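A.B. asks: Data: model.txt, compact mmCIF, C-alpha atoms.
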# COMPACT_ATOMS: atom_id res chain seq x y z
CA MET A 216 153.79 22.40 47.37
CA VAL A 217 151.74 23.72 44.45
CA ILE A 218 150.27 20.29 43.69
CA ALA A 219 149.47 19.68 47.36
CA ALA A 220 147.74 23.08 47.53
CA LEU A 221 145.74 22.30 44.38
CA VAL A 222 144.61 18.97 45.82
CA LEU A 223 143.56 20.53 49.14
CA LEU A 224 141.77 23.38 47.35
CA SER A 225 139.76 20.90 45.28
CA MET A 226 138.82 19.06 48.48
CA CYS A 227 137.38 22.29 49.89
CA PHE A 228 134.94 22.67 46.97
CA GLN A 229 133.15 19.39 47.48
CA ASP A 230 129.75 20.60 46.32
CA LEU A 231 130.99 21.04 42.74
CA VAL A 232 129.73 18.05 40.74
CA ILE A 233 130.96 16.97 37.31
CA VAL A 234 128.47 14.13 36.75
CA SER A 235 126.35 11.84 38.93
CA PHE A 236 126.07 8.06 38.77
CA GLY A 237 123.13 7.10 40.95
CA SER A 238 123.99 8.08 44.52
CA PHE A 239 127.65 8.73 43.65
CA ALA A 240 128.63 12.18 42.38
CA LEU A 241 131.92 12.53 40.52
CA LYS A 242 133.57 15.71 41.78
CA PRO A 243 136.68 17.68 40.79
CA PHE A 244 138.69 16.42 43.75
CA HIS A 245 138.04 12.80 42.65
CA VAL A 246 139.59 13.59 39.28
CA ILE A 247 142.47 15.64 40.71
CA VAL A 248 143.40 13.06 43.36
CA THR A 249 143.35 10.30 40.74
CA MET A 250 145.48 12.35 38.34
CA VAL A 251 148.00 13.17 41.06
CA PHE A 252 148.07 9.50 42.05
CA ILE A 253 148.94 8.54 38.46
CA TYR A 254 151.47 11.39 38.29
CA THR A 255 153.28 10.27 41.43
CA ILE A 256 153.51 6.70 40.14
CA LEU A 257 154.29 7.19 36.44
CA ALA A 258 155.62 10.69 35.82
CA ARG A 259 157.89 11.05 38.86
CA LYS A 260 158.58 7.30 39.20
CA MET A 261 158.99 7.86 42.92
CA ARG A 262 159.47 5.03 45.32
CA TRP A 263 156.08 4.50 46.86
CA GLU A 264 155.57 3.33 50.40
CA ILE A 265 152.53 2.63 52.56
CA PRO A 266 152.79 4.43 55.90
CA PHE A 267 151.65 2.53 59.00
CA PRO A 268 150.50 -0.54 57.01
CA LEU A 269 148.37 -1.82 59.89
CA PHE A 270 146.13 1.26 59.56
CA PHE A 271 145.40 0.54 55.91
CA VAL A 272 145.01 -3.18 56.60
CA GLY A 273 142.40 -2.24 59.18
CA VAL A 274 140.54 -0.01 56.71
CA VAL A 275 140.63 -2.73 54.03
CA VAL A 276 139.25 -5.27 56.51
CA MET A 277 136.47 -2.86 57.50
CA LEU A 278 135.56 -2.30 53.85
CA ALA A 279 135.62 -6.06 53.25
CA ILE A 280 133.25 -6.44 56.20
CA SER A 281 130.93 -4.00 54.44
CA MET A 282 130.36 -6.55 51.69
CA VAL A 283 128.48 -8.71 54.17
CA GLY A 284 126.11 -5.85 54.93
CA TYR A 285 125.83 -4.82 51.27
CA ALA A 286 124.64 -8.32 50.37
CA ARG A 287 121.68 -7.74 52.65
CA PHE A 288 121.00 -3.99 52.58
CA GLY A 289 122.39 -2.91 49.22
CA PHE A 290 125.46 -0.95 48.13
CA SER A 291 126.19 2.58 49.38
CA SER A 292 128.43 5.15 47.72
CA MET A 293 129.99 5.71 51.16
CA PHE A 294 132.23 2.77 50.26
CA LEU A 295 133.78 4.90 47.49
CA ASN A 296 134.19 7.81 49.92
CA TYR A 297 136.37 5.62 52.14
CA VAL A 298 138.34 4.43 49.11
CA PHE A 299 139.06 7.99 47.99
CA MET A 300 139.95 9.03 51.54
CA CYS A 301 142.62 6.31 51.61
CA LEU A 302 143.75 7.10 48.06
CA ALA A 303 144.14 10.79 48.98
CA CYS A 304 146.09 9.85 52.11
CA LEU A 305 148.51 7.56 50.25
CA THR A 306 148.97 9.97 47.34
CA LEU A 307 149.65 13.03 49.49
CA TYR A 308 151.87 11.11 51.88
CA ASN A 309 154.18 10.03 49.06
CA LEU A 310 153.92 13.41 47.33
CA GLY A 311 154.58 15.43 50.48
CA SER A 312 157.01 13.17 52.32
CA SER A 313 159.82 15.62 51.62
CA LEU A 314 157.87 18.70 52.74
CA SER A 315 158.83 20.25 56.05
CA ASP A 316 156.33 21.07 58.78
CA THR A 317 156.57 24.74 57.80
CA GLN A 318 155.76 23.93 54.16
CA TRP A 319 152.74 21.83 55.14
CA ARG A 320 151.48 24.69 57.30
CA ARG A 321 152.01 27.21 54.50
CA VAL A 322 149.99 25.11 52.07
CA ILE A 323 147.10 24.71 54.50
CA GLN A 324 147.10 28.33 55.66
CA THR A 325 147.07 29.62 52.08
CA VAL A 326 144.20 27.36 51.03
CA ALA A 327 142.27 28.10 54.24
CA PHE A 328 142.37 31.85 53.63
CA ILE A 329 141.39 31.41 49.96
CA VAL A 330 138.34 29.31 50.86
CA MET A 331 137.39 31.56 53.79
CA THR A 332 137.53 34.59 51.49
CA ALA A 333 135.33 32.82 48.94
CA VAL A 334 132.81 31.95 51.66
CA TYR A 335 132.58 35.54 52.88
CA ILE A 336 132.10 36.76 49.30
CA LYS A 337 129.29 34.23 49.03
CA LEU A 338 127.71 35.68 52.18
CA VAL A 339 127.72 39.15 50.64
CA LEU A 340 126.13 37.82 47.44
CA ASN A 341 123.41 36.09 49.49
CA ILE A 342 122.71 38.96 51.87
CA GLY A 343 118.97 38.63 51.21
CA GLU A 344 118.85 35.09 52.58
CA LEU A 345 120.87 36.15 55.60
CA ARG A 346 118.37 38.91 56.36
CA ARG A 347 115.53 36.42 56.05
CA PHE A 348 117.28 34.06 58.46
CA PHE A 349 118.04 36.78 61.01
CA ASP A 350 114.38 37.80 60.90
CA ASN A 351 113.45 34.16 61.60
CA PRO A 352 116.51 32.67 63.35
CA TRP A 353 114.64 29.72 64.82
CA ALA A 354 114.55 28.15 61.36
CA GLY A 355 117.83 26.43 62.32
CA HIS A 356 120.41 27.54 59.78
CA PRO A 357 120.39 29.92 56.81
CA ALA A 358 119.51 28.24 53.51
CA LEU A 359 122.73 29.05 51.66
CA PRO A 360 124.69 27.22 48.97
CA THR A 361 127.93 25.75 50.28
CA PHE A 362 131.37 24.89 48.96
CA LEU A 363 132.14 22.12 51.45
CA GLY A 364 129.66 19.27 51.33
CA GLY A 365 127.08 18.63 54.04
CA GLY A 366 125.47 22.03 54.49
CA VAL A 367 126.38 25.22 56.32
CA ASN A 368 127.02 23.47 59.64
CA LEU A 369 129.74 21.26 58.18
CA GLU A 370 131.16 24.13 56.11
CA ALA A 371 131.65 26.16 59.28
CA SER A 372 133.12 23.13 61.05
CA TRP A 373 135.70 22.18 58.42
CA LEU A 374 136.90 25.77 58.04
CA ALA A 375 137.14 26.20 61.81
CA MET A 376 139.30 23.07 62.07
CA PHE A 377 141.95 24.69 59.85
CA SER A 378 142.57 27.14 62.71
CA VAL A 379 144.89 24.67 64.44
CA PHE A 380 147.45 25.12 61.65
CA PHE A 381 148.01 28.78 62.53
CA LYS A 382 150.57 29.66 65.15
CA ASP A 383 149.73 32.13 67.90
CA ASN A 384 150.24 35.20 65.72
CA ARG A 385 148.10 37.94 64.22
CA ARG A 386 147.28 36.00 61.08
CA GLY A 387 146.15 33.07 63.18
CA ALA A 388 144.04 35.37 65.34
CA LEU A 389 142.45 36.90 62.23
CA TYR A 390 141.58 33.49 60.80
CA LEU A 391 140.10 32.32 64.09
CA ILE A 392 137.99 35.49 64.28
CA LEU A 393 136.73 34.87 60.74
CA ALA A 394 135.95 31.22 61.55
CA THR A 395 134.11 32.20 64.73
CA GLY A 396 132.14 34.89 62.89
CA LEU A 397 131.15 32.40 60.19
CA SER A 398 129.99 29.88 62.80
CA MET A 399 127.85 32.57 64.44
CA VAL A 400 126.33 33.65 61.11
CA TYR A 401 125.56 30.01 60.30
CA ALA A 402 124.28 29.43 63.87
CA SER A 403 126.61 26.42 64.02
CA ARG A 404 127.05 25.03 67.51
CA ALA A 405 129.63 22.53 66.27
CA GLY A 406 131.57 25.33 64.59
CA ILE A 407 131.71 27.35 67.82
CA ILE A 408 132.87 24.30 69.78
CA ILE A 409 135.64 23.70 67.24
CA CYS A 410 136.71 27.36 67.38
CA LEU A 411 136.94 27.12 71.16
CA LEU A 412 139.02 23.92 70.98
CA ALA A 413 141.27 25.46 68.31
CA PHE A 414 141.72 28.59 70.44
CA LEU A 415 142.75 26.51 73.45
CA TYR A 416 145.24 24.58 71.30
CA VAL A 417 146.80 27.51 69.43
CA PHE A 418 146.80 30.25 72.04
CA VAL A 419 146.89 28.29 75.29
CA LEU A 420 148.54 24.89 74.89
CA LYS A 421 150.89 25.92 72.08
CA GLY A 422 152.02 29.03 73.92
CA GLY A 423 154.56 27.03 75.92
CA LYS A 424 154.48 25.18 79.24
CA SER A 425 155.05 28.30 81.35
CA GLY A 426 151.76 29.69 82.59
CA VAL A 427 149.52 27.17 80.80
CA SER A 428 147.22 26.76 83.80
CA LEU A 429 146.72 30.51 84.16
CA ARG A 430 146.13 31.02 80.43
CA PHE A 431 143.68 28.13 80.39
CA PHE A 432 141.75 29.54 83.35
CA LEU A 433 141.63 33.04 81.85
CA ALA A 434 140.52 31.66 78.47
CA VAL A 435 137.69 29.62 80.00
CA MET A 436 136.54 32.57 82.11
CA ALA A 437 136.57 34.87 79.06
CA VAL A 438 134.51 32.41 77.02
CA PHE A 439 132.07 31.95 79.91
CA LEU A 440 131.57 35.69 80.35
CA ILE A 441 131.08 36.23 76.61
CA PHE A 442 128.54 33.40 76.52
CA VAL A 443 126.60 34.82 79.49
CA ALA A 444 126.56 38.26 77.86
CA LEU A 445 125.25 36.82 74.57
CA ALA A 446 122.60 34.74 76.33
CA GLN A 447 121.38 37.73 78.32
CA ASN A 448 120.96 39.69 75.10
CA GLY A 449 118.99 36.95 73.35
CA ASN A 450 121.75 35.88 70.96
CA VAL A 451 120.49 33.14 68.62
CA LEU A 452 123.57 30.96 68.89
CA ALA A 453 123.66 31.17 72.68
CA GLU A 454 119.97 30.24 72.79
CA ARG A 455 120.63 27.28 70.46
CA LEU A 456 123.39 26.05 72.75
CA LEU A 457 121.11 26.32 75.76
CA SER A 458 118.28 24.56 73.93
CA ALA A 459 120.41 21.55 72.91
CA GLY A 460 118.21 18.47 73.14
CA GLU A 461 115.02 20.46 72.58
CA ASP A 462 115.46 22.05 69.14
CA ARG A 463 114.49 20.41 65.86
CA GLY A 464 118.01 19.20 65.04
CA SER A 465 118.51 17.60 68.44
CA GLN A 466 115.08 16.00 68.33
CA GLY A 467 115.89 14.49 64.95
CA ARG A 468 119.05 12.91 66.35
CA LEU A 469 117.25 11.56 69.40
CA ASN A 470 114.55 10.14 67.14
CA MET A 471 117.20 8.21 65.17
CA TRP A 472 119.17 7.04 68.16
CA GLN A 473 116.17 5.29 69.70
CA TYR A 474 116.54 2.68 66.94
CA ALA A 475 120.30 2.24 67.43
CA LEU A 476 120.21 -0.77 69.78
CA PRO A 477 117.69 -2.88 67.81
CA THR A 478 119.55 -1.98 64.61
CA PHE A 479 122.85 -3.16 66.08
CA LEU A 480 121.26 -6.38 67.39
CA ASP A 481 119.87 -7.08 63.92
CA ALA A 482 123.42 -7.24 62.48
CA PRO A 483 125.79 -7.34 65.47
CA LEU A 484 129.00 -8.84 64.09
CA PHE A 485 129.53 -7.27 60.65
CA GLY A 486 126.98 -4.46 60.55
CA ASP A 487 124.98 -3.23 57.58
CA GLY A 488 127.82 -1.93 55.38
CA ALA A 489 129.46 1.49 55.18
CA GLY A 490 126.79 4.19 54.83
CA ASN A 491 123.75 1.99 55.46
CA ALA A 492 123.08 2.79 59.13
CA THR A 493 120.10 5.12 58.66
CA ARG A 494 118.62 2.89 55.95
CA HIS A 495 118.88 -0.04 58.33
CA MET A 496 117.34 2.02 61.15
CA SER A 497 114.34 2.86 58.97
CA LEU A 498 113.81 -0.82 58.17
CA VAL A 499 114.13 -1.94 61.79
CA GLY A 500 111.88 0.84 63.07
CA ASN A 501 109.47 0.50 60.12
CA THR A 502 109.45 4.28 59.86
CA ASN A 503 109.82 6.99 57.25
CA SER A 504 110.69 9.67 59.81
CA ILE A 505 114.46 9.25 59.37
CA THR A 506 115.51 11.58 56.57
CA GLU A 507 119.22 11.93 57.40
CA ASN A 508 121.95 10.04 55.57
CA ASN A 509 124.03 9.54 58.72
CA VAL A 510 123.40 9.14 62.45
CA HIS A 511 125.34 12.30 63.49
CA MET A 512 127.56 10.32 65.87
CA TYR A 513 130.49 8.77 64.08
CA PHE A 514 131.38 6.18 66.72
CA LEU A 515 127.80 4.91 66.59
CA GLN A 516 127.92 5.07 62.79
CA VAL A 517 130.98 2.81 62.78
CA LEU A 518 129.34 0.35 65.17
CA LEU A 519 126.24 0.07 62.98
CA ASP A 520 128.02 0.16 59.62
CA PHE A 521 130.82 -2.31 60.41
CA GLY A 522 129.44 -4.24 63.37
CA PHE A 523 131.27 -5.23 66.53
CA VAL A 524 134.25 -6.63 64.59
CA GLY A 525 134.77 -3.43 62.59
CA PHE A 526 134.21 -1.29 65.69
CA LEU A 527 137.01 -3.12 67.52
CA ILE A 528 139.38 -2.41 64.63
CA PHE A 529 138.35 1.25 64.60
CA MET A 530 138.80 1.61 68.37
CA ALA A 531 142.25 0.02 68.16
CA MET A 532 143.20 2.78 65.68
CA VAL A 533 141.72 5.46 67.95
CA VAL A 534 143.51 4.17 71.07
CA TYR A 535 146.84 4.01 69.23
CA PHE A 536 146.32 7.56 67.94
CA LEU A 537 145.46 8.89 71.41
CA ARG A 538 148.55 7.24 72.90
CA ARG A 539 150.72 8.91 70.27
CA CYS A 540 149.07 12.26 71.00
CA VAL A 541 149.88 11.92 74.69
CA ALA A 542 153.46 10.86 73.94
CA ASP A 543 153.95 13.73 71.46
CA GLN A 544 152.07 16.24 73.69
CA LEU A 545 150.08 17.34 70.61
CA LYS A 546 153.13 18.95 69.05
CA SER A 547 151.73 18.47 65.56
CA PRO A 548 148.66 20.42 64.42
CA PHE A 549 147.68 17.32 62.45
CA GLU A 550 147.24 15.48 65.75
CA SER A 551 145.10 18.33 67.04
CA TYR A 552 143.06 18.39 63.81
CA ILE A 553 142.18 14.70 63.99
CA LEU A 554 141.61 14.85 67.75
CA ILE A 555 139.09 17.66 67.29
CA TYR A 556 137.46 15.63 64.51
CA LEU A 557 137.03 12.68 66.89
CA ILE A 558 135.64 14.91 69.65
CA VAL A 559 133.12 16.68 67.43
CA SER A 560 132.20 13.41 65.69
CA PHE A 561 129.99 12.69 68.70
CA ILE A 562 127.51 15.19 67.22
CA GLN A 563 128.31 15.13 63.48
CA PHE A 564 130.48 13.76 60.64
CA ARG A 565 129.66 10.54 58.81
CA GLY A 566 133.11 9.16 57.95
CA GLY A 567 135.00 8.68 54.72
CA ASP A 568 135.89 12.38 54.75
CA VAL A 569 138.56 13.23 52.20
CA LEU A 570 139.86 16.11 54.35
CA VAL A 571 140.63 13.54 57.04
CA GLY A 572 142.63 11.66 54.41
CA PHE A 573 144.64 14.85 53.81
CA ALA A 574 145.21 15.28 57.55
CA LEU A 575 146.26 11.63 57.94
CA ALA A 576 148.83 12.09 55.17
CA GLY A 577 150.37 15.04 56.99
CA LEU A 578 150.22 13.17 60.30
CA PHE A 579 151.99 10.11 58.90
CA VAL A 580 154.69 12.32 57.36
CA TYR A 581 155.19 13.99 60.75
CA TRP A 582 155.38 10.66 62.60
CA ARG A 583 157.89 9.35 60.06
CA GLN A 584 160.06 12.46 60.38
CA ILE A 585 160.18 12.38 64.17
CA GLY A 586 160.88 8.65 63.94
CA HIS A 587 163.89 9.37 61.75
CA GLU A 588 165.03 12.08 64.15
CA GLU A 589 164.79 9.68 67.09
CA GLU A 590 166.75 7.04 65.18
CA LYS A 591 169.44 9.60 64.30
CA SER A 592 169.66 10.75 67.92
CA GLU A 593 170.00 7.17 69.10
CA THR A 594 172.71 6.51 66.50
CA ASP A 595 174.59 9.63 67.60
CA ARG A 596 174.38 8.56 71.25
CA ARG A 597 175.73 5.12 70.41
CA SER A 598 178.55 6.63 68.38
CA ALA A 599 179.41 8.96 71.25
CA ARG A 600 179.49 6.04 73.70
CA LEU A 601 181.64 3.96 71.38
CA GLY A 602 183.94 6.91 70.78
CA GLY A 603 184.47 7.24 74.52
CA VAL A 604 185.52 3.61 74.96
CA ARG A 605 189.28 3.10 74.80
CA PRO A 606 190.74 -0.21 73.65
As structure tokens, please, write out the structure in this file.

C.D. replies:
Amino acid sequence: MVIAALVLLSMCFQDLVIVSFGSFALKPFHVIVTMVFIYTILARKMRWEIPFPLFFVGVVVMLAISMVGYARFGFSSMFLNYVFMCLACLTLYNLGSSLSDTQWRRVIQTVAFIVMTAVYIKLVLNIGELRRFFDNPWAGHPALPTFLGGGVNLEASWLAMFSVFFKDNRRGALYLILATGLSMVYASRAGIIICLLAFLYVFVLKGGKSGVSLRFFLAVMAVFLIFVALAQNGNVLAERLLSAGEDRGSQGRLNMWQYALPTFLDAPLFGDGAGNATRHMSLVGNTNSITENNVHMYFLQVLLDFGFVGFLIFMAMVVYFLRRCVADQLKSPFESYILIYLIVSFIQFRGGDVLVGFALAGLFVYWRQIGHEEEKSETDRRSARLGGVRP
């Protein structure tokens, strides 16, 4: 548990850089994941296994497809991000295969509160910048240093996603309040959406089947009334939600997306290589107006990066995952975590996220455990039937 917590903690401080090699920055979590990988293989001499091999075969094929794009558009360090995501998943799966669901939750809850506390301390230390932002809220987001990579919007989003690992208790309510408050301070629309989805999962869906419809209705009405009250009082975040499609961030996305179709048609089968979508868009559009490093819509990013072939592989993974979620009725918070990631990826996330690798490890452990439980139940049923047969 301690090693798993250390790995997750290092993943939450992604903006710490040891040394940079061109566009690739070596970070503490790269070193820690690699060291734990070596530890699990050499020191513990554990029997390694690859969970759901078809998933990793699919990722390897997608990365191999990237080589076609890289030959034309150049190499991107996003390739290494995907590699480390898979390495983290495999390492933590084999390290944590013996951990119970309660132990996984305890690790994540502990790390989540540590990082959230550090973020709020950072807010206090940067109170001057917050005052400047609140005096000029239409600047978009406060210009603050972050622990999780990608800026304040992604920092709020990743921390909000941890909310699904808290049961419907006071500690879970406290964390969700802190996550919602952080999203409001950061003026993060994505963060607020995630907090709402996490609230519905933890306090509505996870509360039991009895009265789900009523709780869902009351929750939606409460959120609607709070939103109306904020909008009527000129709340910045409410105004940003209402101005979606018109603000600077939305306009930047729409500007990029106008080049999506010609970019896809320029490399339809195998794409432009992991991480090259915006570079390719700039070349196709002959423009310097695209300053982002991702298209802020992960499904579109996959289509452009890996082409139609890679997109089919990705969608096969997504469809299989969604079918499992329906069959399991979202009993695992890891399923909820990844589902929220897929939903919010329509407006952000660029892929190759190491925290997704951590979540996949926990998900695969959960699927393996329930698989063993089903096998044991089936064996017991067969034994009972055989025991009831008289010669």

A.B. asks: Quick one: residues within 12 Å of A:Met282, only C-alpha atoms counted, chain neighbours fewer than 6 positions away excluded, as a list in words?

C.D. replies: Val275, Val276, Phe288, Gly289, Phe290, Ser291, Phe294, Phe485, Gly486, Asp487, Gly488, Ala489, Gly490, Asn491, Asp520, Phe521 and Gly522 of chain A

A.B. asks: Quick one, how far is atom CA of A:Arg262 from atom CA of A:Leu307?

C.D. replies: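 Those two atoms sit 13.3 Å apart.
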
A.B. asks: To one decimal place in Å, what is the distance between atom CA of A:Leu570 and atom CA of A:Tyr401?

C.D. replies: 20.8 Å

A.B. asks: Can you work out which one of A:Leu389, A:Ile280, A:Ile323, A:Ala333 has the shortest atom-to-atom distance to A:Leu363, counting all atoms listed in the file?

C.D. replies: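 Comparing A:Leu389, A:Ile280, A:Ile323, A:Ala333 against A:Leu363, the winner is A:Ala333.
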
A.B. asks: Check the smallest atom-to-atom distance from each of A:Ile505, A:Asp350, A:Arg320, A:Met277 to A:Gly387 using only C-alpha atoms, then report the winner.

C.D. replies: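 Between A:Ile505, A:Asp350, A:Arg320, A:Met277, the residue approaching A:Gly387 most closely is A:Arg320.
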
A.B. asks: Counting all atoms listed in the file, find residues at most 9 Å from (156.6, 22.0, 51.4) (file frame) and give them as a tab-separated table (two decimals) with C-alpha atoms, in the frame of the given file.

C.D. replies:
chain	number	residue	atom	x	y	z
A	216	MET	CA	153.79	22.40	47.37
A	217	VAL	CA	151.74	23.72	44.45
A	219	ALA	CA	149.47	19.68	47.36
A	311	GLY	CA	154.58	15.43	50.48
A	312	SER	CA	157.01	13.17	52.32
A	313	SER	CA	159.82	15.62	51.62
A	314	LEU	CA	157.87	18.70	52.74
A	315	SER	CA	158.83	20.25	56.05
A	316	ASP	CA	156.33	21.07	58.78
A	317	THR	CA	156.57	24.74	57.80
A	318	GLN	CA	155.76	23.93	54.16
A	319	TRP	CA	152.74	21.83	55.14
A	320	ARG	CA	151.48	24.69	57.30
A	321	ARG	CA	152.01	27.21	54.50
A	322	VAL	CA	149.99	25.11	52.07

A.B. asks: Taking all atoms listed in the file into account, name the residue in A:Gly355, A:Gly500, A:Gly586, A:Gly577 that is nearest to A:Leu310.

C.D. replies: A:Gly577

A.B. asks: Listed atoms of stretch 363-369 of chain A, axis-aligned box, 5 Å per side: centre and edge lengths to one decimal in Å, as AutoDock Vina command-line options?

C.D. replies:
--center_x 128.8 --center_y 21.9 --center_z 55.5 --size_x 16.7 --size_y 16.6 --size_z 18.3

A.B. asks: Pick out the closest residue to A:Trp472 from this set: A:Ala574, A:Leu484, A:Leu269, A:Met496. Count only C-alpha atoms.

C.D. replies: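 Of A:Ala574, A:Leu484, A:Leu269, A:Met496, the one nearest A:Trp472 is A:Met496, counting only C-alpha atoms.
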
A.B. asks: Within 7 Å of (139.9, 30.0, 58.4) (file coordinates; only C-alpha atoms), which protein or nucleic acid residues are there? I'd like them as a ChimeraX atom specification.

C.D. replies: /A:327-328,331,374-375,377-378,390-391,393-394

A.B. asks: Looking at only C-alpha atoms, which of A:Asn508, A:Val534, A:Arg346, A:Phe479 is the one that sits closest to A:Gly284?

C.D. replies: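 When distances to A:Gly284 are compared using only C-alpha atoms, the smallest one comes from A:Phe479.
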
A.B. asks: In Å, with one decimal, what is the gap from atom CA of A:Val367 to atom CA of A:Thr325?

C.D. replies: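 Atom CA of A:Thr325 lies at a distance of 21.6 Å from atom CA of A:Val367.
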
A.B. asks: For a quick check of understanding, using only C-alpha atoms, which of A:Gly572, A:Pro477, A:Pro266, A:Gly273 has the smallest distance to A:Phe526?

C.D. replies: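 The shortest atom-to-atom distance to A:Phe526 comes from A:Gly273.
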
A.B. asks: Give me the residues within 9 Å of A:Asn296 as a PyMOL selection string, counting only C-alpha atoms and dropping any in the same chain fewer than 4 places off.

C.D. replies: chain A and resi 292+300-301+566-569

A.B. asks: Which residues, written as a PyMOL selection string, have at least one atom at most 12 Å from A:Ser372, with only C-alpha atoms counted and residues fewer than 4 positions away on the same chain left out?

C.D. replies: chain A and resi 227+331+363-368+376-378+391+394-399+401-413+552+555-556+559-560+562-564+570
